[in-house]
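Text of entry08.cif (mmCIF, C-alpha atoms) as supplied:
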data_entry
loop_
_atom_site.label_atom_id
_atom_site.label_comp_id
_atom_site.auth_asym_id
_atom_site.auth_seq_id
_atom_site.Cartn_x
_atom_site.Cartn_y
_atom_site.Cartn_z
CA MET A 1 74.70 62.10 48.93
CA SER A 2 70.93 61.54 48.79
CA ILE A 3 67.99 63.87 48.17
CA ALA A 4 68.59 67.20 49.90
CA LYS A 5 66.75 67.58 53.20
CA PRO A 6 65.06 70.84 54.18
CA LEU A 7 66.92 73.30 56.40
CA LYS A 8 66.08 72.74 60.06
CA LYS A 9 67.29 76.08 61.37
CA ALA A 10 70.22 78.36 60.53
CA VAL A 11 72.72 78.62 63.37
CA ALA A 12 75.79 80.80 63.82
CA ALA A 13 77.95 78.78 66.25
CA VAL A 14 78.52 75.22 67.41
CA ILE A 15 79.04 74.02 70.99
CA LEU A 16 80.56 70.56 71.37
CA ASP A 17 81.28 68.06 74.08
CA LEU A 18 83.26 65.23 72.58
CA ASP A 19 83.68 62.80 75.44
CA ASP A 20 86.03 59.86 75.25
CA GLY A 21 85.80 56.18 76.02
CA ILE A 22 88.58 55.72 78.58
CA LEU A 23 86.48 56.03 81.74
CA GLY A 24 85.12 52.49 81.47
CA ASP A 25 88.60 51.00 81.15
CA VAL A 26 89.87 52.99 84.13
CA LEU A 27 86.85 52.06 86.25
CA LYS A 28 87.33 48.42 85.35
CA ALA A 29 90.93 48.47 86.59
CA LEU A 30 90.14 50.39 89.78
CA LEU A 31 87.13 48.28 90.74
CA LEU A 32 89.22 45.13 90.41
CA LYS A 33 91.29 46.39 93.34
CA TYR A 34 88.09 46.27 95.39
CA GLY A 35 87.23 42.81 94.10
CA LYS A 36 84.43 44.22 91.97
CA GLN A 37 83.70 43.67 88.28
CA TRP A 38 82.83 46.69 86.13
CA ASP A 39 80.19 45.40 83.75
CA GLY A 40 79.20 48.69 82.15
CA ARG A 41 75.71 48.60 83.60
CA GLU A 42 76.08 52.10 84.99
CA ALA A 43 77.58 53.56 81.80
CA GLN A 44 74.34 55.27 80.81
CA ASN A 45 74.02 56.84 84.27
CA ILE A 46 77.50 58.33 84.41
CA VAL A 47 77.88 59.65 80.85
CA GLY A 48 77.93 63.44 80.94
CA LYS A 49 78.14 63.70 84.72
CA THR A 50 80.74 65.63 86.73
CA PRO A 51 83.57 63.58 88.29
CA LEU A 52 81.98 63.90 91.75
CA GLU A 53 78.61 62.73 90.45
CA GLU A 54 80.26 59.82 88.63
CA ALA A 55 82.13 58.84 91.80
CA ALA A 56 78.96 59.00 93.90
CA ILE A 57 77.14 56.67 91.51
CA VAL A 58 79.98 54.12 91.37
CA VAL A 59 80.70 54.16 95.13
CA GLY A 60 77.01 53.74 95.90
CA ASP A 61 76.13 51.12 93.30
CA TYR A 62 79.17 48.97 93.99
CA GLU A 63 79.03 49.55 97.77
CA LEU A 64 82.70 50.47 97.91
CA PRO A 65 84.38 50.86 101.33
CA CYS A 66 85.61 54.40 100.63
CA SER A 67 84.23 57.92 100.53
CA ILE A 68 83.34 59.70 97.30
CA ASP A 69 86.30 62.07 97.74
CA GLU A 70 88.67 59.15 98.34
CA PHE A 71 87.43 57.50 95.15
CA VAL A 72 88.00 60.70 93.15
CA THR A 73 91.53 60.92 94.60
CA GLN A 74 92.23 57.34 93.52
CA ILE A 75 90.80 57.58 90.01
CA THR A 76 92.18 60.99 89.01
CA PRO A 77 95.83 59.96 88.44
CA LEU A 78 94.65 56.85 86.58
CA LEU A 79 92.64 59.05 84.22
CA TYR A 80 95.58 61.39 83.61
CA ASP A 81 97.73 58.37 82.75
CA GLN A 82 95.24 57.40 80.05
CA PHE A 83 94.53 60.81 78.49
CA CYS A 84 97.40 60.25 76.05
CA ASN A 85 95.59 57.13 74.76
CA ILE A 86 92.32 58.90 74.00
CA LYS A 87 91.16 58.47 70.44
CA ALA A 88 88.90 61.17 69.04
CA LEU A 89 85.33 60.14 68.35
CA PRO A 90 84.90 58.96 64.75
CA GLY A 91 84.40 62.05 62.62
CA ALA A 92 85.44 64.51 65.36
CA ASN A 93 88.68 65.66 63.73
CA ARG A 94 86.92 65.98 60.38
CA LEU A 95 84.11 68.07 61.91
CA ILE A 96 86.39 70.40 63.90
CA LYS A 97 88.71 70.95 60.94
CA HIS A 98 85.72 71.63 58.66
CA LEU A 99 83.99 74.11 60.97
CA SER A 100 87.13 75.97 61.99
CA GLY A 101 88.24 76.07 58.35
CA HIS A 102 84.99 77.87 57.52
CA ASN A 103 85.40 80.23 60.49
CA VAL A 104 82.36 78.88 62.33
CA PRO A 105 82.69 79.93 66.01
CA LEU A 106 83.34 76.81 68.11
CA ALA A 107 83.05 76.24 71.85
CA LEU A 108 83.89 73.19 73.92
CA ALA A 109 81.60 72.80 76.95
CA SER A 110 82.24 69.85 79.23
CA ASN A 111 81.31 68.81 82.76
CA SER A 112 84.94 67.73 83.20
CA PRO A 113 87.25 69.98 85.26
CA ARG A 114 89.39 72.48 83.35
CA ALA A 115 92.57 70.54 84.09
CA TYR A 116 91.06 67.36 82.59
CA ILE A 117 90.01 69.19 79.42
CA GLU A 118 93.36 70.93 78.94
CA SER A 119 95.22 67.64 79.36
CA LYS A 120 92.88 65.70 77.05
CA ILE A 121 92.88 68.15 74.15
CA SER A 122 96.64 68.61 74.33
CA TYR A 123 96.89 65.18 72.71
CA GLN A 124 94.52 66.12 69.83
CA GLN A 125 96.36 68.07 67.14
CA GLY A 126 94.76 71.36 66.23
CA TRP A 127 91.91 71.21 68.74
CA LYS A 128 92.99 73.89 71.18
CA GLU A 129 93.43 76.50 68.44
CA SER A 130 90.08 75.58 66.86
CA PHE A 131 87.93 76.45 69.88
CA SER A 132 87.23 80.12 70.51
CA VAL A 133 85.86 79.20 73.93
CA ILE A 134 86.55 76.31 76.30
CA ILE A 135 84.40 76.11 79.41
CA ALA A 136 84.63 73.44 82.11
CA GLY A 137 82.36 72.04 84.76
CA ASP A 138 84.36 73.62 87.57
CA GLU A 139 83.92 77.08 86.02
CA VAL A 140 80.13 77.19 86.49
CA ARG A 141 77.92 76.85 89.55
CA ALA A 142 75.98 73.90 88.17
CA GLY A 143 77.02 71.45 85.48
CA LYS A 144 74.79 69.73 82.97
CA PRO A 145 71.81 69.14 82.91
CA SER A 146 71.73 72.76 84.06
CA PRO A 147 71.80 75.08 81.02
CA GLU A 148 74.39 77.34 82.71
CA ILE A 149 77.46 75.96 80.92
CA PHE A 150 75.81 76.41 77.51
CA LEU A 151 74.54 79.91 78.28
CA GLU A 152 78.01 80.89 79.46
CA ALA A 153 79.54 79.47 76.26
CA ALA A 154 77.12 81.50 74.12
CA LYS A 155 77.88 84.60 76.16
CA ARG A 156 81.62 84.21 75.64
CA LEU A 157 81.06 83.58 71.92
CA HIS A 158 78.94 86.77 71.77
CA ILE A 159 76.17 84.83 70.05
CA GLU A 160 72.52 84.47 71.06
CA PRO A 161 71.72 81.05 72.60
CA SER A 162 68.96 80.50 70.03
CA SER A 163 71.60 80.76 67.28
CA CYS A 164 73.78 78.00 68.73
CA LEU A 165 73.86 74.33 67.79
CA VAL A 166 74.86 71.89 70.53
CA ILE A 167 76.32 68.50 69.58
CA GLU A 168 76.12 66.15 72.57
CA ASP A 169 76.57 62.48 73.38
CA SER A 170 74.95 62.47 76.83
CA LEU A 171 71.41 62.87 78.16
CA PRO A 172 72.43 65.59 80.67
CA GLY A 173 74.01 67.49 77.79
CA VAL A 174 70.91 67.20 75.60
CA THR A 175 68.70 68.32 78.49
CA GLY A 176 70.98 71.27 79.28
CA GLY A 177 71.26 72.36 75.66
CA LYS A 178 67.50 72.39 75.16
CA ALA A 179 67.00 74.21 78.49
CA ALA A 180 69.38 76.89 77.19
CA GLY A 181 67.08 77.42 74.19
CA MET A 182 69.55 75.93 71.72
CA GLU A 183 69.23 73.45 68.86
CA VAL A 184 70.63 70.05 69.83
CA VAL A 185 72.00 67.15 67.79
CA ALA A 186 72.48 64.00 69.87
CA VAL A 187 75.13 61.39 69.08
CA PRO A 188 74.34 58.73 71.72
CA SER A 189 77.46 57.27 73.28
CA ILE A 190 75.67 54.15 74.57
CA PRO A 191 74.52 51.63 71.95
CA LYS A 192 70.83 51.08 71.24
CA GLN A 193 69.70 54.02 73.40
CA THR A 194 68.42 56.34 70.67
CA HIS A 195 64.88 56.26 72.08
CA LEU A 196 66.05 58.06 75.23
CA TYR A 197 67.14 61.14 73.28
CA ILE A 198 63.69 62.31 72.15
CA ALA A 199 64.32 65.84 73.45
CA ALA A 200 67.04 66.37 70.82
CA ASP A 201 66.20 68.08 67.54
CA GLU A 202 68.08 65.36 65.65
CA VAL A 203 69.65 62.04 66.65
CA ILE A 204 72.48 60.61 64.54
CA SER A 205 74.53 57.43 64.89
CA SER A 206 77.89 59.14 64.61
CA LEU A 207 79.53 62.41 63.62
CA LEU A 208 80.09 60.86 60.18
CA ASP A 209 76.35 61.31 59.61
CA LEU A 210 76.15 64.99 60.56
CA GLN A 211 74.90 67.20 57.72
CA PRO A 212 75.96 70.76 58.62
CA GLU A 213 73.90 72.22 55.76
CA LEU A 214 70.71 71.26 57.64
CA TRP A 215 71.70 73.92 60.15
CA GLY A 216 72.72 76.58 57.66
CA LEU A 217 76.41 75.70 57.98
CA PRO A 218 78.82 74.94 55.12
CA PRO A 219 78.33 71.36 53.86
CA PHE A 220 81.12 68.79 53.87
CA ASP A 221 82.72 68.48 50.46
CA ASP A 222 84.40 65.10 50.96
CA TRP A 223 81.54 62.79 49.94
CA ILE A 224 82.16 61.17 46.55
CA ASP A 225 79.25 59.50 44.75
CA GLY A 226 77.56 58.39 47.95
CA THR A 227 80.75 57.33 49.72
CA LEU A 228 82.93 58.91 52.39
CA PRO A 229 86.64 58.05 52.08
CA LEU A 230 88.11 56.96 55.41
CA GLU A 231 91.54 56.44 56.86
CA ILE A 232 91.81 52.75 56.03
CA TRP A 233 91.67 50.11 58.71
CA HIS A 234 92.08 46.34 58.77
CA ILE A 235 90.35 43.43 60.42
CA GLY A 236 90.61 39.71 59.81
CA GLY A 237 90.12 36.18 61.06
CA PRO A 238 88.52 32.86 60.20
CA VAL A 239 85.03 32.89 58.68
CA VAL A 240 82.48 31.68 61.24
CA LYS A 241 78.85 30.62 61.06
CA GLY A 242 76.65 33.68 61.50
CA PHE A 243 72.97 34.07 62.27
CA GLY A 244 71.86 31.78 59.45
CA ARG A 245 69.83 34.49 57.79
CA GLY A 246 72.17 35.92 55.13
CA SER A 247 71.49 33.37 52.42
CA LYS A 248 68.27 31.91 53.81
CA VAL A 249 66.32 35.06 54.73
CA LEU A 250 67.95 37.81 52.69
CA GLY A 251 69.36 35.90 49.74
CA ILE A 252 72.64 37.63 50.50
CA PRO A 253 75.49 35.30 51.59
CA THR A 254 77.56 37.12 54.20
CA ALA A 255 80.91 35.82 55.44
CA ASN A 256 80.77 36.49 59.15
CA LEU A 257 83.88 37.23 61.19
CA SER A 258 84.19 36.39 64.85
CA THR A 259 84.23 39.54 67.00
CA LYS A 260 86.36 37.80 69.63
CA GLY A 261 89.37 39.96 70.41
CA TYR A 262 88.01 42.85 68.36
CA SER A 263 85.76 44.58 70.91
CA ALA A 264 88.12 47.56 71.26
CA LEU A 265 88.49 47.94 67.49
CA LEU A 266 84.73 47.67 66.94
CA SER A 267 84.05 50.29 69.59
CA GLU A 268 86.21 52.74 67.61
CA HIS A 269 84.02 52.45 64.52
CA PRO A 270 80.37 53.51 64.47
CA SER A 271 77.63 51.17 63.39
CA GLY A 272 76.94 51.50 59.70
CA VAL A 273 77.61 50.24 56.21
CA TYR A 274 81.22 50.25 55.00
CA PHE A 275 83.03 48.90 51.96
CA GLY A 276 86.47 47.86 50.81
CA TRP A 277 88.45 44.83 49.76
CA ALA A 278 88.38 41.26 51.07
CA GLY A 279 91.19 38.74 50.78
CA LEU A 280 90.62 34.99 51.13
CA SER A 281 93.85 33.13 51.77
CA THR A 282 93.34 30.50 49.06
CA ARG A 283 91.06 32.29 46.58
CA GLY A 284 92.06 35.90 45.94
CA VAL A 285 90.88 39.47 46.52
CA TYR A 286 87.28 40.60 46.05
CA LYS A 287 85.13 43.70 46.38
CA MET A 288 83.26 43.83 49.67
CA VAL A 289 80.46 45.76 51.37
CA MET A 290 79.72 45.15 55.04
CA ASN A 291 77.54 46.02 57.97
CA ILE A 292 78.95 46.72 61.42
CA GLY A 293 76.48 46.96 64.26
CA TRP A 294 73.33 45.49 65.76
CA ASN A 295 71.21 45.27 62.61
CA PRO A 296 68.07 46.99 63.98
CA TYR A 297 65.69 44.98 61.78
CA PHE A 298 66.84 41.75 63.47
CA ASN A 299 67.71 43.45 66.79
CA ASN A 300 71.05 41.73 67.39
CA THR A 301 72.20 41.60 71.00
CA GLU A 302 75.88 41.96 70.07
CA LYS A 303 77.74 44.21 67.67
CA SER A 304 78.63 42.09 64.67
CA ILE A 305 80.70 42.26 61.48
CA GLU A 306 78.85 40.97 58.42
CA PRO A 307 80.85 41.34 55.17
CA TRP A 308 79.29 40.49 51.81
CA LEU A 309 81.92 39.48 49.27
CA LEU A 310 80.66 40.67 45.90
CA HIS A 311 81.44 37.50 43.99
CA GLU A 312 79.61 34.27 43.19
CA PHE A 313 81.25 31.42 45.11
CA ASP A 314 80.59 27.72 44.53
CA GLY A 315 80.24 26.87 48.21
CA ASP A 316 80.84 27.91 51.80
CA PHE A 317 84.29 28.78 53.08
CA TYR A 318 83.87 28.46 56.84
CA GLY A 319 87.20 28.41 58.65
CA GLU A 320 89.12 30.10 55.86
CA GLU A 321 91.19 33.16 56.76
CA LEU A 322 89.39 36.34 55.66
CA ARG A 323 91.15 39.69 55.70
CA LEU A 324 89.38 43.00 55.16
CA VAL A 325 90.66 46.45 54.23
CA ILE A 326 87.94 49.00 54.95
CA VAL A 327 88.32 52.09 52.76
CA GLY A 328 85.04 54.00 52.95
CA TYR A 329 81.65 54.58 54.56
CA ILE A 330 78.23 54.58 52.92
CA ARG A 331 75.53 55.16 55.53
CA PRO A 332 74.42 54.61 59.12
CA GLU A 333 72.52 51.52 60.20
CA ALA A 334 68.78 51.94 59.79
CA ASN A 335 65.64 50.05 60.67
CA PHE A 336 63.22 49.04 57.95
CA THR A 337 59.47 48.54 57.88
CA SER A 338 59.75 45.41 55.76
CA LEU A 339 62.21 42.72 54.76
CA GLU A 340 61.80 43.80 51.13
CA SER A 341 62.90 47.37 51.85
CA LEU A 342 65.92 46.07 53.81
CA ILE A 343 66.95 43.81 50.90
CA ALA A 344 66.49 46.65 48.40
CA LYS A 345 68.73 48.92 50.50
CA ILE A 346 71.43 46.26 50.79
CA HIS A 347 71.49 45.89 47.00
CA GLU A 348 71.72 49.67 46.66
CA ASP A 349 74.72 49.56 49.03
CA ARG A 350 76.25 46.90 46.78
CA ARG A 351 75.85 49.06 43.67
CA ILE A 352 77.41 52.06 45.40
CA ALA A 353 80.37 49.98 46.65
CA GLU A 354 80.98 48.26 43.32
CA ARG A 355 81.06 51.57 41.45
CA ALA A 356 83.29 53.23 44.01
CA LEU A 357 85.81 50.40 44.14
CA ASP A 358 86.42 50.77 40.39
CA THR A 359 87.70 54.34 40.90
CA PRO A 360 91.44 55.00 41.41
CA LEU A 361 90.79 56.47 44.88
CA TYR A 362 89.70 53.07 46.22
CA LEU A 363 91.07 50.64 43.62
CA LYS A 364 94.65 51.22 44.78
CA TYR A 365 93.92 49.47 48.09
CA LYS A 366 93.26 46.18 46.30
CA ASP A 367 97.05 45.71 46.45
CA ASP A 368 97.27 46.23 50.21
CA PRO A 369 99.77 43.58 51.49
CA TYR A 370 97.45 42.77 54.40
CA LEU A 371 94.99 41.15 51.97
CA LYS A 372 97.66 38.69 50.87
CA GLY A 373 98.47 37.63 54.42
CA SER A 374 101.24 40.05 55.37
CA SER A 375 101.29 41.22 58.98
CA LEU A 376 100.58 44.84 59.82
#
Since I need it in another form, could you write the structure as C-alpha cells?
Amino acid sequence: MSIAKPLKKAVAAVILDLDDGILGDVLKALLLKYGKQWDGREAQNIVGKTPLEEAAIVVGDYELPCSIDEFVTQITPLLYDQFCNIKALPGANRLIKHLSGHNVPLALASNSPRAYIESKISYQQGWKESFSVIIAGDEVRAGKPSPEIFLEAAKRLHIEPSSCLVIEDSLPGVTGGKAAGMEVVAVPSIPKQTHLYIAADEVISSLLDLQPELWGLPPFDDWIDGTLPLEIWHIGGPVVKGFGRGSKVLGIPTANLSTKGYSALLSEHPSGVYFGWAGLSTRGVYKMVMNIGWNPYFNNTEKSIEPWLLHEFDGDFYGEELRLVIVGYIRPEANFTSLESLIAKIHEDRRIAERALDTPLYLKYKDDPYLKGSSL
C-alpha cells in the first residue's frame, strides 16, 4: 500500500465485538406503536450497552408508558426475527478469515446475552468455528465499560491481557478494553464521532483500513497496487446538481448521484474512496473514481456519493441516467490541511484507479450488463 508504518506493539490475540445495525430499525418499528419517532439521536448512547441499559435509555428518553422489563420483553422477539438479516460489518468476514487462517487466537466479547450472540453468528458462515472463545454480557458480573469481559476473554484464551488487541466500535468497549490493559483499535459505529474515541490506541474508519502488521500480526495479502478488490456492488440514478464545488473549487467535475432511496445501501459501505466503471445511458462506459462520505475538508452534513468520470466531456449531463459498478477500494476519507493537498490526493486516487482498471482483474467488469441499463 503506502510507506510502511512502524510497529505499534506486537500482540498475540485479538478480541472483537462486531455489532450490527439492526437495532435502529427494530427500535423505529417498536416506537411507532407508541406514536413515537426514532430519530437516531440516542444511537451514540446505546451503542455497546447491555439490553437492559439500552431499554432504560429508550424508555426514559421517549417517556414510554411501560417498564424497562416490559420493553425488553417486547423488543426481544423483534430482534430475533431480524438476526437473519444481519449483514457483517464491511471487512469483518475478511478479517476473521485472515486471522483464523493464520491461527491467531480470536475471542468474541459482547455485552449482548449469550442467546443473542449464538443466534446472530449462526447466520455468519464460518464465524462460530473461528472464535476460540465467545463471552457474553450475561456471563460476567458487569458488562462494558467494566474491563471484566475482556479480562475473562484473555483468561480463557490463556494469554496475558497486555498481549491482546481489542477491536471495538463502541465507547464502552474502548473504555473497557483500555481498563483491562489491552491495546485498542476503535472503528466508530456512529458517523463523525472519531473525536470521542481519543482513549483508543488507533481509530480507523472501517475494518477495511486495519493493518494487522502494525500489531505484529500477519499482514493482509489481498491489496494489489494500492487497491483492495471488493465484492462488486451497483448503484445508479439520474445525475443531480451537487455542492457546486467540484469544477469550481477543485477543478474536478464530479457527477453527483441523489442519495434518495439509497440510505440503507450507503450505510453498508464505509466512507472512503472507491473506483469502478460508470455507464451513461446515451454516451457509453467510462472509468470512474468516487468518494462516499461526508468529505471532512468541506464537512458535509449528509453522506454523499461523488463519482468522477475519468473522461473529458463537452458539457454537463444533469438528469442523465448514471449507473456505477464499484469494484475496489483505495483509501479511507481523510481531512486535509489545505485545498492543494486535497486536490493532489484526488489526482493520486485518479492515477491509482486508471492503472488498476486497465488490469484484467477489474477490466472484465466494464462489460457488466448493469452499465448498459439491464436490471439486476
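Each of A:Gly236, A:Ile46, A:Asp17, A:Gln82 was checked against Ala136 (chain A) using all atoms listed in the file; the smallest atom-to-atom distance is that of A:Asp17.
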Record the distance separating CA of Asp222 (chain A) and CA of Pro332 (chain A), expressed in Å with one decimal.
16.6 Å
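Distances from A:Leu322, A:Ala13, A:Val26, A:Ile235 to Gly216 (chain A) were compared using all atoms listed in the file, and the smallest one belongs to A:Ala13.
Going from CA of Leu361 (chain A) to CA of Gly328 (chain A) covers 10.2 Å.
Residues lying within 7 Å of region 257-261 of chain A, counting only C-alpha atoms and ignoring same-chain neighbours fewer than 2 positions away, are Gly237, Pro238, Val239, Val240, Ala255, Ser263, Ser304, Ile305 and Glu306 of chain A.
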What separation in Å, quoted to one decimal, exists between CA of Ser146 (chain A) and CA of Leu214 (chain A)?
26.5 Å
